[in-house]
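This is work25.cif. It holds mmCIF, C-alpha atoms.
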data_work
#
loop_
_atom_site.group_PDB
_atom_site.id
_atom_site.type_symbol
_atom_site.label_atom_id
_atom_site.label_comp_id
_atom_site.auth_asym_id
_atom_site.auth_seq_id
_atom_site.Cartn_x
_atom_site.Cartn_y
_atom_site.Cartn_z
ATOM 1 C CA MET A 1 -33.773 97.468 317.916
ATOM 2 C CA THR A 2 -32.478 100.591 316.463
ATOM 3 C CA GLU A 3 -35.941 101.377 315.227
ATOM 4 C CA GLU A 4 -37.275 101.352 318.734
ATOM 5 C CA GLN A 5 -34.828 103.940 319.961
ATOM 6 C CA PRO A 6 -35.979 106.692 317.605
ATOM 7 C CA LYS A 7 -39.548 105.910 318.529
ATOM 8 C CA LYS A 8 -38.686 106.450 322.121
ATOM 9 C CA VAL A 9 -37.015 109.728 321.267
ATOM 10 C CA ASP A 10 -40.112 110.811 319.363
ATOM 11 C CA THR A 11 -42.372 109.931 322.196
ATOM 12 C CA GLU A 12 -40.174 111.840 324.559
ATOM 13 C CA SER A 13 -40.133 114.908 322.366
ATOM 14 C CA THR A 14 -43.913 114.880 322.033
ATOM 15 C CA SER A 15 -44.434 114.403 325.698
ATOM 16 C CA ASN A 16 -42.234 117.345 326.631
ATOM 17 C CA PRO A 17 -43.030 120.254 324.366
ATOM 18 C CA PRO A 18 -40.592 123.148 324.458
ATOM 19 C CA PRO A 19 -41.713 126.240 326.251
ATOM 20 C CA ALA A 20 -43.611 128.664 324.004
ATOM 21 C CA GLU A 21 -41.943 131.956 323.223
ATOM 22 C CA PRO A 22 -43.812 135.099 324.108
ATOM 23 C CA GLU A 23 -45.583 136.746 321.147
ATOM 24 C CA PRO A 24 -44.086 140.042 319.959
ATOM 25 C CA PRO A 25 -46.243 143.117 320.157
ATOM 26 C CA LYS A 26 -48.487 143.907 317.170
ATOM 27 C CA GLU A 27 -46.531 147.040 316.289
ATOM 28 C CA ASP A 28 -43.482 144.920 315.573
ATOM 29 C CA VAL A 29 -45.562 142.757 313.230
ATOM 30 C CA ALA A 30 -46.511 145.818 311.153
ATOM 31 C CA GLU A 31 -42.869 146.799 310.948
ATOM 32 C CA GLU A 32 -41.924 143.274 309.946
ATOM 33 C CA LYS A 33 -44.503 143.371 307.161
ATOM 34 C CA SER A 34 -43.082 146.589 305.817
ATOM 35 C CA VAL A 35 -39.543 145.253 306.126
ATOM 36 C CA ILE A 36 -40.311 142.016 304.247
ATOM 37 C CA PRO A 37 -39.109 142.571 300.679
ATOM 38 C CA GLN A 38 -41.529 141.909 297.842
ATOM 39 C CA PRO A 39 -40.680 138.778 295.893
ATOM 40 C CA SER A 40 -39.755 139.654 292.336
ATOM 41 C CA PRO A 41 -42.095 138.235 289.688
ATOM 42 C CA PRO A 42 -40.726 135.096 288.054
ATOM 43 C CA ASP A 43 -39.283 135.641 284.617
ATOM 44 C CA ASN A 44 -40.991 133.517 281.996
ATOM 45 C CA LYS A 45 -38.329 134.375 279.454
ATOM 46 C CA PRO A 46 -36.466 131.523 277.772
ATOM 47 C CA ALA A 47 -32.878 130.990 278.786
ATOM 48 C CA PRO A 48 -30.638 133.274 276.755
ATOM 49 C CA ALA A 49 -28.322 131.636 274.274
ATOM 50 C CA ASP A 50 -25.578 134.164 274.864
ATOM 51 C CA ASP A 51 -23.647 134.372 278.162
ATOM 52 C CA SER A 52 -23.239 138.141 277.855
ATOM 53 C CA LYS A 53 -27.011 138.550 277.798
ATOM 54 C CA ALA A 54 -27.315 136.417 280.909
ATOM 55 C CA LEU A 55 -24.866 138.671 282.703
ATOM 56 C CA ALA A 56 -26.819 141.726 281.618
ATOM 57 C CA LEU A 57 -30.023 140.265 283.053
ATOM 58 C CA VAL A 58 -28.329 139.504 286.342
ATOM 59 C CA GLU A 59 -26.964 143.060 286.543
ATOM 60 C CA LYS A 60 -30.405 144.521 285.830
ATOM 61 C CA THR A 61 -32.029 142.467 288.562
ATOM 62 C CA GLN A 62 -29.325 143.538 290.999
ATOM 63 C CA GLU A 63 -29.823 147.198 290.024
ATOM 64 C CA ALA A 64 -33.571 146.812 290.407
ATOM 65 C CA ALA A 65 -33.059 145.277 293.854
ATOM 66 C CA GLU A 66 -30.772 148.146 294.841
ATOM 67 C CA GLU A 67 -33.217 150.772 293.552
ATOM 68 C CA LYS A 68 -36.138 149.446 295.585
ATOM 69 C CA PRO A 69 -36.262 151.175 298.914
ATOM 70 C CA LEU A 70 -38.133 149.198 301.489
ATOM 71 C CA GLU A 71 -41.183 151.419 301.893
ATOM 72 C CA GLY A 72 -44.074 149.059 301.197
ATOM 73 C CA SER A 73 -47.092 150.148 299.177
ATOM 74 C CA VAL A 74 -45.622 153.493 298.085
ATOM 75 C CA ASN A 75 -42.729 151.681 296.459
ATOM 76 C CA ARG A 76 -45.147 149.139 294.962
ATOM 77 C CA ASP A 77 -47.185 151.961 293.407
ATOM 78 C CA THR A 78 -44.093 153.542 291.852
ATOM 79 C CA VAL A 79 -42.922 150.180 290.571
ATOM 80 C CA LEU A 80 -46.364 149.469 289.125
ATOM 81 C CA ALA A 81 -46.432 152.937 287.547
ATOM 82 C CA ARG A 82 -42.964 152.358 286.105
ATOM 83 C CA VAL A 83 -44.031 148.951 284.755
ATOM 84 C CA ALA A 84 -47.171 150.490 283.234
ATOM 85 C CA THR A 85 -45.082 153.245 281.647
ATOM 86 C CA GLU A 86 -42.579 150.737 280.277
ATOM 87 C CA LYS A 87 -45.427 148.604 278.948
ATOM 88 C CA ARG A 88 -47.025 151.642 277.300
ATOM 89 C CA LEU A 89 -43.674 152.685 275.786
ATOM 90 C CA ALA A 90 -43.092 149.139 274.536
ATOM 91 C CA LEU A 91 -46.540 149.126 272.929
ATOM 92 C CA ILE A 92 -45.865 152.526 271.342
ATOM 93 C CA LYS A 93 -42.513 151.317 270.037
ATOM 94 C CA ALA A 94 -44.110 148.142 268.639
ATOM 95 C CA TRP A 95 -46.852 150.227 267.001
ATOM 96 C CA GLU A 96 -44.250 152.584 265.552
ATOM 97 C CA GLU A 97 -42.247 149.686 264.135
ATOM 98 C CA SER A 98 -45.429 148.181 262.707
ATOM 99 C CA GLU A 99 -46.395 151.473 261.048
ATOM 100 C CA LYS A 100 -42.889 151.910 259.663
ATOM 101 C CA SER A 101 -42.984 148.370 258.321
ATOM 102 C CA LYS A 102 -46.394 149.012 256.730
ATOM 103 C CA ALA A 103 -45.131 152.246 255.154
ATOM 104 C CA ASP A 104 -42.012 150.492 253.891
ATOM 105 C CA ASN A 105 -44.073 147.646 252.391
ATOM 106 C CA LYS A 106 -46.502 150.094 250.821
ATOM 107 C CA ALA A 107 -43.673 152.136 249.298
ATOM 108 C CA HIS A 108 -41.950 148.969 248.065
ATOM 109 C CA LYS A 109 -45.196 147.799 246.458
ATOM 110 C CA LYS A 110 -45.707 151.161 244.728
ATOM 111 C CA LEU A 111 -42.083 151.244 243.565
ATOM 112 C CA SER A 112 -42.492 147.743 242.151
ATOM 113 C CA ALA A 113 -45.664 148.829 240.343
ATOM 114 C CA ILE A 114 -43.857 151.866 238.915
ATOM 115 C CA SER A 115 -40.956 149.677 237.763
ATOM 116 C CA ALA A 116 -43.382 147.260 236.103
ATOM 117 C CA TRP A 117 -45.204 150.189 234.425
ATOM 118 C CA GLU A 118 -41.889 151.641 233.258
ATOM 119 C CA ASN A 119 -40.756 148.302 231.846
ATOM 120 C CA SER A 120 -44.047 147.743 230.012
ATOM 121 C CA LYS A 121 -43.974 151.273 228.538
ATOM 122 C CA LYS A 122 -40.354 150.840 227.483
ATOM 123 C CA ALA A 123 -41.186 147.514 225.850
ATOM 124 C CA ALA A 124 -44.180 149.044 224.026
ATOM 125 C CA THR A 125 -42.090 152.009 222.837
ATOM 126 C CA GLU A 126 -39.256 149.755 221.700
ATOM 127 C CA ALA A 127 -41.754 147.557 219.840
ATOM 128 C CA GLU A 128 -43.205 150.657 218.163
ATOM 129 C CA LEU A 129 -39.708 151.858 217.242
ATOM 130 C CA LYS A 130 -38.871 148.453 215.810
ATOM 131 C CA LYS A 131 -42.102 148.488 213.811
ATOM 132 C CA ILE A 132 -41.288 151.956 212.441
ATOM 133 C CA GLU A 133 -37.755 150.833 211.612
ATOM 134 C CA GLU A 134 -39.171 147.816 209.780
ATOM 135 C CA GLN A 135 -41.562 150.084 207.851
ATOM 136 C CA LEU A 136 -38.691 152.419 206.999
ATOM 137 C CA GLU A 137 -36.546 149.476 205.905
ATOM 138 C CA LYS A 138 -39.420 148.235 203.755
ATOM 139 C CA LYS A 139 -39.916 151.703 202.229
ATOM 140 C CA LYS A 140 -36.173 152.024 201.742
ATOM 141 C CA ALA A 141 -36.123 148.694 199.921
ATOM 142 C CA GLU A 142 -39.114 149.776 197.789
ATOM 143 C CA TYR A 143 -37.446 153.103 196.953
ATOM 144 C CA ALA A 144 -34.183 151.339 196.180
ATOM 145 C CA GLU A 145 -36.037 148.946 193.875
ATOM 146 C CA LYS A 146 -37.804 151.854 192.172
ATOM 147 C CA LEU A 147 -34.509 153.693 191.749
ATOM 148 C CA LYS A 148 -32.838 150.579 190.357
ATOM 149 C CA ASN A 149 -35.742 150.157 187.926
ATOM 150 C CA LYS A 150 -35.492 153.839 186.965
ATOM 151 C CA ILE A 151 -31.731 153.519 186.457
ATOM 152 C CA ALA A 152 -32.326 150.421 184.340
ATOM 153 C CA THR A 153 -34.937 152.277 182.303
ATOM 154 C CA ILE A 154 -32.589 155.237 181.790
ATOM 155 C CA HIS A 155 -29.790 152.877 180.775
ATOM 156 C CA ARG A 156 -32.098 151.077 178.327
ATOM 157 C CA GLU A 157 -33.254 154.383 176.816
ATOM 158 C CA ALA A 158 -29.642 155.532 176.529
ATOM 159 C CA GLU A 159 -28.727 152.288 174.780
ATOM 160 C CA GLU A 160 -31.672 152.716 172.423
ATOM 161 C CA LYS A 161 -30.565 156.285 171.654
ATOM 162 C CA ARG A 162 -26.990 155.102 171.091
ATOM 163 C CA ALA A 163 -28.282 152.373 168.820
ATOM 164 C CA ILE A 164 -30.319 154.918 166.877
ATOM 165 C CA ILE A 165 -27.312 157.211 166.583
ATOM 166 C CA GLU A 166 -25.095 154.326 165.510
ATOM 167 C CA ALA A 167 -27.713 153.278 162.952
ATOM 168 C CA LYS A 168 -27.986 156.855 161.632
ATOM 169 C CA LYS A 169 -24.211 157.048 161.517
ATOM 170 C CA GLY A 170 -24.154 153.849 159.494
ATOM 171 C CA GLU A 171 -26.806 155.227 157.159
ATOM 172 C CA ASP A 172 -24.879 158.475 156.797
ATOM 173 C CA PHE A 173 -21.703 156.520 156.009
ATOM 174 C CA LEU A 174 -23.527 154.538 153.331
ATOM 175 C CA LYS A 175 -25.085 157.689 151.901
ATOM 176 C CA ALA A 176 -21.683 159.382 151.848
ATOM 177 C CA GLU A 177 -20.084 156.372 150.180
ATOM 178 C CA GLU A 178 -22.892 156.205 147.561
ATOM 179 C CA THR A 179 -22.640 159.916 146.862
ATOM 180 C CA ALA A 180 -18.841 159.664 146.620
ATOM 181 C CA ALA A 181 -19.172 156.753 144.243
ATOM 182 C CA LYS A 182 -21.673 158.765 142.140
ATOM 183 C CA TYR A 183 -19.330 161.748 141.992
ATOM 184 C CA ARG A 184 -16.465 159.459 141.003
ATOM 185 C CA ALA A 185 -18.549 157.872 138.345
ATOM 186 C CA THR A 186 -19.683 161.179 136.894
ATOM 187 C CA GLY A 187 -16.375 162.929 137.546
ATOM 188 C CA THR A 188 -17.949 165.922 139.083
ATOM 189 C CA ALA A 189 -16.955 167.522 142.388
ATOM 190 C CA PRO A 190 -19.336 167.917 145.239
ATOM 191 C CA LYS A 191 -20.879 171.348 145.494
ATOM 192 C CA LYS A 192 -20.542 171.608 149.243
ATOM 193 C CA LEU A 193 -17.396 170.806 151.034
ATOM 194 C CA LEU A 194 -17.162 169.734 154.577
ATOM 195 C CA GLY A 195 -18.302 172.334 157.038
ATOM 196 C CA CYS A 196 -14.974 172.582 158.792
ATOM 197 C CA PHE A 197 -13.108 174.047 155.754
#
Written as structure tokens, that's how I'd like the structure from this file.
Amino acid sequence: MTEEQPKKVDTESTSNPPPAEPEPPKEDVAEEKSVIPQPSPPDNKPAPADDSKALALVEKTQEAAEEKPLEGSVNRDTVLARVATEKRLALIKAWEESEKSKADNKAHKKLSAISAWENSKKAATEAELKKIEEQLEKKKAEYAEKLKNKIATIHREAEEKRAIIEAKKGEDFLKAEETAAKYRATGTAPKKLLGCF
């Protein structure tokens, strides 16, 4: 039964339509169109993770709403021009960052190549120095061996000369003893005395 009552109310409302309001003049419609604010474009940005950023976005949208005077197409043109300028500036900034990044990468690559070249040259020079040091050590050892051999030869010759002198001394002693024995046997004195008297 309760369902029937709303149906009756509906039938009554359809049977008695409310009186139509008079249409406003067309001039008012043009003014209403210019007064209707433009809906802001929806932001497709992901939700910010930081609350402070969210507040900043809200403030910017409020400032943008306050800046927009309600003038219609003139305001739309300035907003579009501003958006185009901001887009152009963003593209320029992105290009600048890209160029700086390229220059930085290029410089880093060249610096790495120079470091590699420096390290290879240092290694080659150190290897050459080590080789020269080894050659010098080898020559030093050869010269030391030659000098030791020469010293040994000199020592041997000196020993031979000493041996000869000792042998001659022994011969001279024997000769002197034989001559002294001869003089004793004959009883004569030697004609020559020692050179020191």
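In this model, the gap between atom CA of Glu178 of chain A and atom CA of Glu159 of chain A comes to 28.1 Å.
Atom CA of Asp104 of chain A is positioned 22.2 Å from atom CA of Asn119 of chain A.
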Distance in Å - atom CA of Ala180 of chain A versus atom CA of Lys192 of chain A: 12.3 Å
Padding 8 Å on each side, edges along x, y and z: where is the centre of the box around the listed atoms of segment 76-81 of chain A, and how long are its edges in Å to one decimal? Output it as AutoDock Vina command-line options.
--center_x -45.1 --center_y 151.3 --center_z 291.3 --size_x 20.3 --size_y 20.4 --size_z 23.4
Could you write segment 74-85 of chain A as a PDB file, in the coordinates of the input, with all heavy atoms rebuilt where they are missing?
ATOM      1  N   VAL A  74     -46.045 152.334 298.882  1.00  0.00           N
ATOM      2  CA  VAL A  74     -45.622 153.493 298.085  1.00  0.00           C
ATOM      3  C   VAL A  74     -44.646 153.038 297.012  1.00  0.00           C
ATOM      4  O   VAL A  74     -44.769 153.400 295.839  1.00  0.00           O
ATOM      5  CB  VAL A  74     -44.977 154.561 298.995  1.00  0.00           C
ATOM      6  CG1 VAL A  74     -44.414 155.697 298.165  1.00  0.00           C
ATOM      7  CG2 VAL A  74     -45.982 155.070 300.013  1.00  0.00           C
ATOM      8  N   ASN A  75     -43.696 152.214 297.405  1.00  0.00           N
ATOM      9  CA  ASN A  75     -42.729 151.681 296.459  1.00  0.00           C
ATOM     10  C   ASN A  75     -43.435 150.806 295.433  1.00  0.00           C
ATOM     11  O   ASN A  75     -43.117 150.847 294.252  1.00  0.00           O
ATOM     12  CB  ASN A  75     -41.653 150.891 297.196  1.00  0.00           C
ATOM     13  CG  ASN A  75     -40.555 150.445 296.250  1.00  0.00           C
ATOM     14  OD1 ASN A  75     -40.260 151.136 295.282  1.00  0.00           O
ATOM     15  ND2 ASN A  75     -39.970 149.299 296.537  1.00  0.00           N
ATOM     16  N   ARG A  76     -44.391 150.001 295.862  1.00  0.00           N
ATOM     17  CA  ARG A  76     -45.147 149.139 294.962  1.00  0.00           C
ATOM     18  C   ARG A  76     -45.880 149.972 293.920  1.00  0.00           C
ATOM     19  O   ARG A  76     -45.894 149.628 292.740  1.00  0.00           O
ATOM     20  CB  ARG A  76     -46.140 148.297 295.754  1.00  0.00           C
ATOM     21  CG  ARG A  76     -46.839 147.272 294.883  1.00  0.00           C
ATOM     22  CD  ARG A  76     -47.837 146.432 295.651  1.00  0.00           C
ATOM     23  NE  ARG A  76     -47.316 145.912 296.908  1.00  0.00           N
ATOM     24  CZ  ARG A  76     -47.943 145.995 298.079  1.00  0.00           C
ATOM     25  NH1 ARG A  76     -49.113 146.590 298.168  1.00  0.00           N
ATOM     26  NH2 ARG A  76     -47.409 145.496 299.153  1.00  0.00           N
ATOM     27  N   ASP A  77     -46.477 151.090 294.349  1.00  0.00           N
ATOM     28  CA  ASP A  77     -47.185 151.961 293.407  1.00  0.00           C
ATOM     29  C   ASP A  77     -46.228 152.548 292.373  1.00  0.00           C
ATOM     30  O   ASP A  77     -46.542 152.606 291.179  1.00  0.00           O
ATOM     31  CB  ASP A  77     -47.892 153.099 294.150  1.00  0.00           C
ATOM     32  CG  ASP A  77     -49.063 152.581 294.977  1.00  0.00           C
ATOM     33  OD1 ASP A  77     -49.518 151.446 294.697  1.00  0.00           O
ATOM     34  OD2 ASP A  77     -49.510 153.311 295.884  1.00  0.00           O
ATOM     35  N   THR A  78     -45.057 152.983 292.809  1.00  0.00           N
ATOM     36  CA  THR A  78     -44.093 153.542 291.852  1.00  0.00           C
ATOM     37  C   THR A  78     -43.591 152.471 290.898  1.00  0.00           C
ATOM     38  O   THR A  78     -43.430 152.723 289.698  1.00  0.00           O
ATOM     39  CB  THR A  78     -42.903 154.190 292.580  1.00  0.00           C
ATOM     40  OG1 THR A  78     -42.288 153.215 293.419  1.00  0.00           O
ATOM     41  CG2 THR A  78     -43.340 155.390 293.389  1.00  0.00           C
ATOM     42  N   VAL A  79     -43.366 151.278 291.434  1.00  0.00           N
ATOM     43  CA  VAL A  79     -42.922 150.180 290.571  1.00  0.00           C
ATOM     44  C   VAL A  79     -44.010 149.838 289.575  1.00  0.00           C
ATOM     45  O   VAL A  79     -43.737 149.653 288.374  1.00  0.00           O
ATOM     46  CB  VAL A  79     -42.534 148.946 291.413  1.00  0.00           C
ATOM     47  CG1 VAL A  79     -42.330 147.725 290.534  1.00  0.00           C
ATOM     48  CG2 VAL A  79     -41.281 149.227 292.221  1.00  0.00           C
ATOM     49  N   LEU A  80     -45.253 149.762 290.034  1.00  0.00           N
ATOM     50  CA  LEU A  80     -46.364 149.469 289.125  1.00  0.00           C
ATOM     51  C   LEU A  80     -46.519 150.568 288.076  1.00  0.00           C
ATOM     52  O   LEU A  80     -46.786 150.292 286.903  1.00  0.00           O
ATOM     53  CB  LEU A  80     -47.666 149.288 289.912  1.00  0.00           C
ATOM     54  CG  LEU A  80     -47.764 148.007 290.738  1.00  0.00           C
ATOM     55  CD1 LEU A  80     -49.055 147.998 291.552  1.00  0.00           C
ATOM     56  CD2 LEU A  80     -47.696 146.783 289.859  1.00  0.00           C
ATOM     57  N   ALA A  81     -46.351 151.824 288.501  1.00  0.00           N
ATOM     58  CA  ALA A  81     -46.432 152.937 287.547  1.00  0.00           C
ATOM     59  C   ALA A  81     -45.308 152.833 286.526  1.00  0.00           C
ATOM     60  O   ALA A  81     -45.525 153.052 285.326  1.00  0.00           O
ATOM     61  CB  ALA A  81     -46.359 154.262 288.290  1.00  0.00           C
ATOM     62  N   ARG A  82     -44.100 152.501 287.015  1.00  0.00           N
ATOM     63  CA  ARG A  82     -42.964 152.358 286.105  1.00  0.00           C
ATOM     64  C   ARG A  82     -43.212 151.214 285.128  1.00  0.00           C
ATOM     65  O   ARG A  82     -42.950 151.326 283.927  1.00  0.00           O
ATOM     66  CB  ARG A  82     -41.684 152.105 286.887  1.00  0.00           C
ATOM     67  CG  ARG A  82     -40.458 152.147 285.988  1.00  0.00           C
ATOM     68  CD  ARG A  82     -39.147 151.881 286.700  1.00  0.00           C
ATOM     69  NE  ARG A  82     -39.027 152.470 287.993  1.00  0.00           N
ATOM     70  CZ  ARG A  82     -38.608 151.837 289.087  1.00  0.00           C
ATOM     71  NH1 ARG A  82     -38.285 150.568 289.015  1.00  0.00           N
ATOM     72  NH2 ARG A  82     -38.528 152.443 290.250  1.00  0.00           N
ATOM     73  N   VAL A  83     -43.739 150.100 285.621  1.00  0.00           N
ATOM     74  CA  VAL A  83     -44.031 148.951 284.755  1.00  0.00           C
ATOM     75  C   VAL A  83     -45.093 149.326 283.725  1.00  0.00           C
ATOM     76  O   VAL A  83     -44.981 148.985 282.546  1.00  0.00           O
ATOM     77  CB  VAL A  83     -44.485 147.742 285.600  1.00  0.00           C
ATOM     78  CG1 VAL A  83     -45.083 146.647 284.728  1.00  0.00           C
ATOM     79  CG2 VAL A  83     -43.310 147.204 286.405  1.00  0.00           C
ATOM     80  N   ALA A  84     -46.121 150.066 284.164  1.00  0.00           N
ATOM     81  CA  ALA A  84     -47.171 150.490 283.234  1.00  0.00           C
ATOM     82  C   ALA A  84     -46.594 151.419 282.175  1.00  0.00           C
ATOM     83  O   ALA A  84     -46.924 151.315 280.983  1.00  0.00           O
ATOM     84  CB  ALA A  84     -48.302 151.178 283.990  1.00  0.00           C
ATOM     85  N   THR A  85     -45.710 152.329 282.607  1.00  0.00           N
ATOM     86  CA  THR A  85     -45.082 153.245 281.647  1.00  0.00           C
ATOM     87  C   THR A  85     -44.219 152.479 280.659  1.00  0.00           C
ATOM     88  O   THR A  85     -44.280 152.731 279.448  1.00  0.00           O
ATOM     89  CB  THR A  85     -44.215 154.276 282.400  1.00  0.00           C
ATOM     90  OG1 THR A  85     -45.026 154.949 283.357  1.00  0.00           O
ATOM     91  CG2 THR A  85     -43.612 155.278 281.450  1.00  0.00           C
TER      92      THR A  85
END
